[in-house]
>>> print(open('upload-v3.tsv').read())   # TSV, C-alpha atoms
chain	number	residue	atom	x	y	z
A	1124	MET	CA	0.00	0.00	0.00
A	1125	ARG	CA	1.29	3.43	-0.91
A	1126	THR	CA	1.13	6.40	1.38
A	1127	PHE	CA	1.30	9.99	0.29
A	1128	ASP	CA	2.51	12.91	2.37
A	1129	LEU	CA	-0.05	15.62	1.75
A	1130	ALA	CA	1.44	18.06	4.28
A	1131	PRO	CA	2.81	20.36	1.52
A	1132	LEU	CA	-0.68	20.61	0.06
A	1133	TYR	CA	-2.10	21.65	3.42
A	1134	ARG	CA	0.64	24.29	3.84
A	1135	SER	CA	0.40	25.96	0.45
A	1136	ALA	CA	-3.18	25.45	-0.79
A	1137	ILE	CA	-5.94	27.19	1.09
A	1138	GLY	CA	-9.38	25.60	0.92
A	1139	PHE	CA	-8.22	22.32	-0.63
A	1140	ASP	CA	-8.33	20.33	2.61
A	1141	ARG	CA	-11.44	18.49	1.37
A	1142	LEU	CA	-9.57	17.40	-1.76
A	1143	ALA	CA	-6.64	16.19	0.31
A	1144	SER	CA	-8.89	14.20	2.63
A	1145	LEU	CA	-10.60	12.63	-0.42
A	1146	LEU	CA	-7.21	11.58	-1.78
A	1147	GLU	CA	-6.22	10.07	1.56
A	1148	GLN	CA	-9.53	8.23	1.87
A	1149	ARG	CA	-9.34	6.90	-1.70
A	1150	ALA	CA	-5.80	5.63	-1.14
A	1151	GLU	CA	-6.96	3.69	1.92
A	1152	THR	CA	-10.01	2.03	0.39
A	1153	GLN	CA	-10.00	1.01	-3.25
A	1154	PRO	CA	-12.85	-1.39	-3.89
A	1155	SER	CA	-12.13	-3.81	-6.71
A	1156	TYR	CA	-15.64	-5.22	-7.08
A	1157	PRO	CA	-17.41	-4.73	-9.35
A	1158	PRO	CA	-14.90	-3.75	-12.04
A	1159	TYR	CA	-15.61	-0.43	-13.74
A	1160	ASN	CA	-14.22	2.10	-16.21
A	1161	VAL	CA	-14.48	5.88	-16.09
A	1162	GLU	CA	-14.24	7.46	-19.54
A	1163	LEU	CA	-13.84	11.06	-20.69
A	1164	LEU	CA	-16.05	11.39	-23.78
A	1165	ALA	CA	-15.69	15.14	-24.37
A	1166	GLU	CA	-14.53	18.16	-22.41
A	1167	ASP	CA	-17.52	18.06	-20.02
A	1168	LYS	CA	-18.96	14.59	-20.70
A	1169	TYR	CA	-18.11	11.42	-18.79
A	1170	ARG	CA	-19.19	7.79	-18.75
A	1171	ILE	CA	-18.98	5.13	-16.05
A	1172	VAL	CA	-19.26	1.53	-17.27
A	1173	MET	CA	-19.61	-1.23	-14.67
A	1174	ALA	CA	-19.42	-4.97	-15.35
A	1175	LEU	CA	-22.28	-6.53	-13.37
A	1176	ALA	CA	-22.28	-10.17	-14.42
A	1177	GLY	CA	-25.13	-12.07	-12.80
A	1178	PHE	CA	-27.16	-8.99	-11.86
A	1179	SER	CA	-30.49	-8.01	-13.37
A	1180	ARG	CA	-31.71	-4.46	-13.87
A	1181	ASP	CA	-34.06	-4.82	-10.85
A	1182	GLU	CA	-31.17	-5.66	-8.52
A	1183	VAL	CA	-29.23	-2.44	-9.24
A	1184	GLU	CA	-30.03	1.00	-7.85
A	1185	ILE	CA	-28.44	4.34	-8.80
A	1186	VAL	CA	-28.84	7.38	-6.52
A	1187	ALA	CA	-27.30	10.80	-7.20
A	1188	GLU	CA	-27.18	12.90	-4.05
A	1189	ARG	CA	-25.47	16.30	-4.06
A	1190	ASP	CA	-21.84	15.54	-4.94
A	1191	THR	CA	-21.97	11.74	-4.63
A	1192	LEU	CA	-23.18	9.01	-6.96
A	1193	HIS	CA	-24.14	5.73	-5.23
A	1194	VAL	CA	-24.46	2.54	-7.26
A	1195	THR	CA	-25.77	-0.38	-5.21
A	1196	GLY	CA	-26.36	-3.99	-6.20
A	1197	ARG	CA	-28.37	-6.39	-4.03
A	1198	LYS	CA	-28.59	-9.98	-5.28
A	1199	GLN	CA	-31.91	-11.76	-4.86
A	1200	LYS	CA	-31.59	-14.82	-2.66
A	1201	ASP	CA	-31.37	-18.00	-4.72
A	1202	ASP	CA	-32.84	-20.98	-2.87
A	1203	THR	CA	-31.40	-23.45	-5.37
A	1204	GLN	CA	-28.76	-25.66	-3.75
A	1205	ARG	CA	-25.66	-25.72	-5.97
A	1206	THR	CA	-22.28	-27.38	-5.75
A	1207	PHE	CA	-19.57	-25.29	-7.40
A	1208	LEU	CA	-16.29	-26.87	-8.45
A	1209	HIS	CA	-15.01	-23.38	-9.23
A	1210	ARG	CA	-16.78	-20.10	-8.54
A	1211	GLY	CA	-15.26	-17.27	-10.54
A	1212	ILE	CA	-18.34	-15.06	-10.90
A	1213	ALA	CA	-18.68	-13.20	-7.64
A	1214	ALA	CA	-22.29	-11.96	-7.96
A	1215	ARG	CA	-22.23	-10.60	-4.41
A	1216	ASP	CA	-23.84	-7.45	-3.07
A	1217	PHE	CA	-21.89	-4.26	-3.62
A	1218	GLU	CA	-21.99	-0.55	-3.01
A	1219	GLN	CA	-19.83	1.74	-5.11
A	1220	ARG	CA	-19.56	5.48	-4.47
A	1221	PHE	CA	-18.25	8.05	-6.89
A	1222	GLN	CA	-17.38	11.57	-5.76
A	1223	LEU	CA	-18.73	14.04	-8.32
A	1224	ALA	CA	-17.25	17.45	-9.03
A	1225	ASN	CA	-19.40	20.56	-8.79
A	1226	HIS	CA	-22.18	20.78	-11.38
A	1227	VAL	CA	-21.75	17.18	-12.63
A	1228	LYS	CA	-25.12	15.55	-13.23
A	1229	VAL	CA	-26.24	12.11	-14.37
A	1230	THR	CA	-27.95	12.32	-17.76
A	1231	THR	CA	-28.73	8.68	-18.58
A	1232	ALA	CA	-28.24	5.18	-17.25
A	1233	SER	CA	-28.69	1.92	-19.16
A	1234	PHE	CA	-28.20	-1.78	-18.47
A	1235	ASP	CA	-27.41	-4.10	-21.36
A	1236	ASN	CA	-25.77	-7.56	-21.41
A	1237	GLY	CA	-24.54	-7.24	-17.82
A	1238	MET	CA	-22.97	-3.83	-18.42
A	1239	LEU	CA	-24.27	-0.78	-16.56
A	1240	THR	CA	-23.55	2.48	-18.38
A	1241	ILE	CA	-23.98	5.84	-16.62
A	1242	ASP	CA	-23.50	9.04	-18.62
A	1243	LEU	CA	-22.65	12.27	-16.82
A	1244	VAL	CA	-22.24	15.86	-17.92
A	1245	ARG	CA	-20.82	18.95	-16.24
A	1246	GLU	CA	-23.24	21.85	-16.65
A	1247	VAL	CA	-21.76	25.00	-15.18
A	1248	PRO	CA	-24.44	27.69	-14.72
A	1249	GLU	CA	-23.94	30.74	-16.90
A	1250	ALA	CA	-23.51	32.95	-13.84
A	1251	LEU	CA	-20.51	30.87	-12.68
A	1252	LYS	CA	-18.68	30.69	-16.01
A	1253	PRO	CA	-15.56	32.84	-16.32
A	1254	ARG	CA	-16.04	36.26	-17.86
A	1255	LYS	CA	-13.40	38.48	-19.35
A	1256	ILE	CA	-13.20	41.84	-17.59
A	1257	GLN	CA	-12.09	44.83	-19.63
A	1258	ILE	CA	-9.59	47.14	-17.98
A	1259	ALA	CA	-10.82	50.74	-18.22
A	1260	ASP	CA	-8.78	53.90	-18.55
A	1261	ALA	CA	-8.04	55.64	-15.25
A	1262	HIS	CA	-9.88	58.82	-16.28
A	1263	VAL	CA	-13.15	57.01	-17.08
A	1264	GLY	CA	-15.59	56.22	-14.25
A	1265	ASP	CA	-17.20	57.73	-11.20
A	1266	ALA	CA	-15.63	59.96	-8.56
A	1267	ASN	CA	-13.65	57.02	-7.16
A	1268	GLY	CA	-12.29	56.15	-10.60
A	1269	SER	CA	-14.18	52.84	-10.72
A	1270	ILE	CA	-16.35	51.60	-13.57
A	1271	ASP	CA	-18.57	48.61	-14.09
A	1272	ASN	CA	-16.36	46.85	-16.66
A	1273	VAL	CA	-18.51	43.71	-16.71
A	1274	GLN	CA	-21.57	45.70	-17.72
A	1275	GLN	CA	-19.59	47.42	-20.50
A	1276	ILE	CA	-18.48	44.11	-22.01
A	1277	GLU	CA	-21.99	42.66	-21.86
A	1278	GLN	CA	-23.43	45.79	-23.54
A	1279	ARG	CA	-20.82	45.61	-26.33
A	1280	GLN	CA	-21.55	41.91	-26.94
A	1281	ALA	CA	-25.28	42.66	-27.18
A	1282	ALA	CA	-24.69	45.38	-29.78
>>> encode(input="upload-v3.tsv", output="structure tokens")
Amino acid sequence: MRTFDLAPLYRSAIGFDRLASLLEQRAETQPSYPPYNVELLAEDKYRIVMALAGFSRDEVEIVAERDTLHVTGRKQKDDTQRTFLHRGIAARDFEQRFQLANHVKVTTASFDNGMLTIDLVREVPEALKPRKIQIADAHVGDANGSIDNVQQIEQRQAA
């Protein structure tokens, strides 16, 4: 098991303590069941694909809550008595949690041939997107020398 010293991050990055604790927590617990892939489809589009051999659609639940995505699988009890010579398909209950970044939302989920596919997209509200601020001349503005540069840019774009 690897350990990371995150002390330099705590010393030089203000407000990133949550990120550091997430990294520490993830390093301690890395569930290997069920296997999954996380894909980047486009700049703000993602896909999680989970291999759920032996599960049916009714045995899987997906819950998105604030900044966490919970995928849970609960196998139905099988009363059939079986004798396995080798059991390589786990088919056991699981709970997988994914930490989502701000403004990431689940768009679709599908289950086909034992593969669960969850599509996500990051939708940053217009008010939170970066805006370019024009630097005004010192002689333009009110008595304090200030000017509403944002409003000027928005008015020019509308024209």
>>> closest_residue(input="upload-v3.tsv", among="A:Ala1250, A:Ala1176, A:Ile1258, A:Val1244", to="Gly1211 (chain A)", atoms="all atoms listed in the file")
A:Ala1176
>>> closest_residue(input="upload-v3.tsv", among="A:Ala1224, A:Val1183, A:Ala1232, A:Ile1212", to="Ile1171 (chain A)", atoms="only C-alpha atoms")
A:Ala1232
>>> closest_residue(input="upload-v3.tsv", among="A:Ala1187, A:Leu1175, A:Ala1214, A:Leu1208", to="Gly1237 (chain A)", atoms="all atoms listed in the file")
A:Leu1175
>>> closest_residue(input="upload-v3.tsv", among="A:His1193, A:Arg1205, A:Arg1220, A:Arg1245", to="Ala1165 (chain A)", atoms="only C-alpha atoms")
A:Arg1245
>>> atom_distance(input="upload-v3.tsv", atom1="CA of Glu1218 (chain A)", atom2="CA of Arg1170 (chain A)")
18.0 Å
>>> atom_distance(input="upload-v3.tsv", atom1="CA of Thr1230 (chain A)", atom2="CA of Asp1216 (chain A)")
25.0 Å
>>> closest_residue(input="upload-v3.tsv", among="A:Lys1168, A:His1209, A:His1226, A:Arg1215", to="Asp1190 (chain A)", atoms="all atoms listed in the file")
A:His1226
>>> atom_distance(input="upload-v3.tsv", atom1="CA of Asp1235 (chain A)", atom2="CA of Phe1207 (chain A)")
26.6 Å
>>> closest_residue(input="upload-v3.tsv", among="A:Glu1188, A:Ser1155, A:Lys1198, A:Arg1180", to="Met1238 (chain A)", atoms="all atoms listed in the file")
A:Arg1180
>>> residues_near_point(input="upload-v3.tsv", point="(-15.4, 6.9, -15.9)", cutoff="9 Å", atoms="all atoms listed in the file", output="count of residues only")
11
>>> build_atoms(input="upload-v3.tsv", residues="region 1191-1208 of chain A", atoms="N, CA, C and O atoms", output="PDB file, in the coordinates of the input")
ATOM      1  N   THR A1191     -22.312  13.152  -4.696  1.00  0.00           N
ATOM      2  CA  THR A1191     -21.970  11.740  -4.630  1.00  0.00           C
ATOM      3  C   THR A1191     -22.934  10.926  -5.482  1.00  0.00           C
ATOM      4  O   THR A1191     -24.129  11.181  -5.490  1.00  0.00           O
ATOM      5  N   LEU A1192     -22.384   9.954  -6.185  1.00  0.00           N
ATOM      6  CA  LEU A1192     -23.180   9.010  -6.960  1.00  0.00           C
ATOM      7  C   LEU A1192     -23.020   7.639  -6.303  1.00  0.00           C
ATOM      8  O   LEU A1192     -21.909   7.153  -6.151  1.00  0.00           O
ATOM      9  N   HIS A1193     -24.135   7.039  -5.871  1.00  0.00           N
ATOM     10  CA  HIS A1193     -24.140   5.730  -5.230  1.00  0.00           C
ATOM     11  C   HIS A1193     -24.705   4.715  -6.213  1.00  0.00           C
ATOM     12  O   HIS A1193     -25.806   4.905  -6.722  1.00  0.00           O
ATOM     13  N   VAL A1194     -23.960   3.650  -6.451  1.00  0.00           N
ATOM     14  CA  VAL A1194     -24.460   2.540  -7.260  1.00  0.00           C
ATOM     15  C   VAL A1194     -24.453   1.327  -6.335  1.00  0.00           C
ATOM     16  O   VAL A1194     -23.415   0.947  -5.795  1.00  0.00           O
ATOM     17  N   THR A1195     -25.625   0.730  -6.141  1.00  0.00           N
ATOM     18  CA  THR A1195     -25.770  -0.380  -5.210  1.00  0.00           C
ATOM     19  C   THR A1195     -26.370  -1.573  -5.936  1.00  0.00           C
ATOM     20  O   THR A1195     -27.305  -1.420  -6.721  1.00  0.00           O
ATOM     21  N   GLY A1196     -25.828  -2.749  -5.656  1.00  0.00           N
ATOM     22  CA  GLY A1196     -26.360  -3.990  -6.200  1.00  0.00           C
ATOM     23  C   GLY A1196     -26.698  -4.948  -5.074  1.00  0.00           C
ATOM     24  O   GLY A1196     -25.863  -5.220  -4.218  1.00  0.00           O
ATOM     25  N   ARG A1197     -27.918  -5.434  -5.049  1.00  0.00           N
ATOM     26  CA  ARG A1197     -28.370  -6.390  -4.030  1.00  0.00           C
ATOM     27  C   ARG A1197     -28.899  -7.622  -4.756  1.00  0.00           C
ATOM     28  O   ARG A1197     -29.932  -7.573  -5.421  1.00  0.00           O
ATOM     29  N   LYS A1198     -28.186  -8.733  -4.634  1.00  0.00           N
ATOM     30  CA  LYS A1198     -28.590  -9.980  -5.280  1.00  0.00           C
ATOM     31  C   LYS A1198     -29.805 -10.565  -4.583  1.00  0.00           C
ATOM     32  O   LYS A1198     -29.890 -10.574  -3.363  1.00  0.00           O
ATOM     33  N   GLN A1199     -30.751 -11.037  -5.387  1.00  0.00           N
ATOM     34  CA  GLN A1199     -31.910 -11.760  -4.860  1.00  0.00           C
ATOM     35  C   GLN A1199     -31.414 -13.105  -4.314  1.00  0.00           C
ATOM     36  O   GLN A1199     -30.529 -13.717  -4.896  1.00  0.00           O
ATOM     37  N   LYS A1200     -31.976 -13.533  -3.241  1.00  0.00           N
ATOM     38  CA  LYS A1200     -31.590 -14.820  -2.660  1.00  0.00           C
ATOM     39  C   LYS A1200     -32.036 -15.946  -3.569  1.00  0.00           C
ATOM     40  O   LYS A1200     -33.184 -16.005  -3.991  1.00  0.00           O
ATOM     41  N   ASP A1201     -31.099 -16.842  -3.865  1.00  0.00           N
ATOM     42  CA  ASP A1201     -31.370 -18.000  -4.720  1.00  0.00           C
ATOM     43  C   ASP A1201     -31.452 -19.223  -3.809  1.00  0.00           C
ATOM     44  O   ASP A1201     -30.476 -19.591  -3.159  1.00  0.00           O
ATOM     45  N   ASP A1202     -32.627 -19.829  -3.762  1.00  0.00           N
ATOM     46  CA  ASP A1202     -32.840 -20.980  -2.870  1.00  0.00           C
ATOM     47  C   ASP A1202     -32.316 -22.281  -3.473  1.00  0.00           C
ATOM     48  O   ASP A1202     -32.294 -23.306  -2.799  1.00  0.00           O
ATOM     49  N   THR A1203     -31.893 -22.245  -4.712  1.00  0.00           N
ATOM     50  CA  THR A1203     -31.400 -23.450  -5.370  1.00  0.00           C
ATOM     51  C   THR A1203     -30.073 -23.871  -4.743  1.00  0.00           C
ATOM     52  O   THR A1203     -29.145 -23.062  -4.632  1.00  0.00           O
ATOM     53  N   GLN A1204     -29.993 -25.127  -4.326  1.00  0.00           N
ATOM     54  CA  GLN A1204     -28.760 -25.660  -3.750  1.00  0.00           C
ATOM     55  C   GLN A1204     -27.816 -26.040  -4.899  1.00  0.00           C
ATOM     56  O   GLN A1204     -28.181 -26.819  -5.767  1.00  0.00           O
ATOM     57  N   ARG A1205     -26.624 -25.450  -4.908  1.00  0.00           N
ATOM     58  CA  ARG A1205     -25.660 -25.720  -5.970  1.00  0.00           C
ATOM     59  C   ARG A1205     -24.329 -26.139  -5.379  1.00  0.00           C
ATOM     60  O   ARG A1205     -23.959 -25.687  -4.301  1.00  0.00           O
ATOM     61  N   THR A1206     -23.624 -26.970  -6.136  1.00  0.00           N
ATOM     62  CA  THR A1206     -22.280 -27.380  -5.750  1.00  0.00           C
ATOM     63  C   THR A1206     -21.322 -26.867  -6.818  1.00  0.00           C
ATOM     64  O   THR A1206     -21.346 -27.341  -7.952  1.00  0.00           O
ATOM     65  N   PHE A1207     -20.513 -25.874  -6.458  1.00  0.00           N
ATOM     66  CA  PHE A1207     -19.570 -25.290  -7.400  1.00  0.00           C
ATOM     67  C   PHE A1207     -18.232 -25.998  -7.295  1.00  0.00           C
ATOM     68  O   PHE A1207     -17.709 -26.195  -6.189  1.00  0.00           O
ATOM     69  N   LEU A1208     -17.660 -26.368  -8.420  1.00  0.00           N
ATOM     70  CA  LEU A1208     -16.290 -26.870  -8.450  1.00  0.00           C
ATOM     71  C   LEU A1208     -15.319 -25.695  -8.523  1.00  0.00           C
ATOM     72  O   LEU A1208     -14.209 -25.765  -8.009  1.00  0.00           O
TER      73      LEU A1208
END
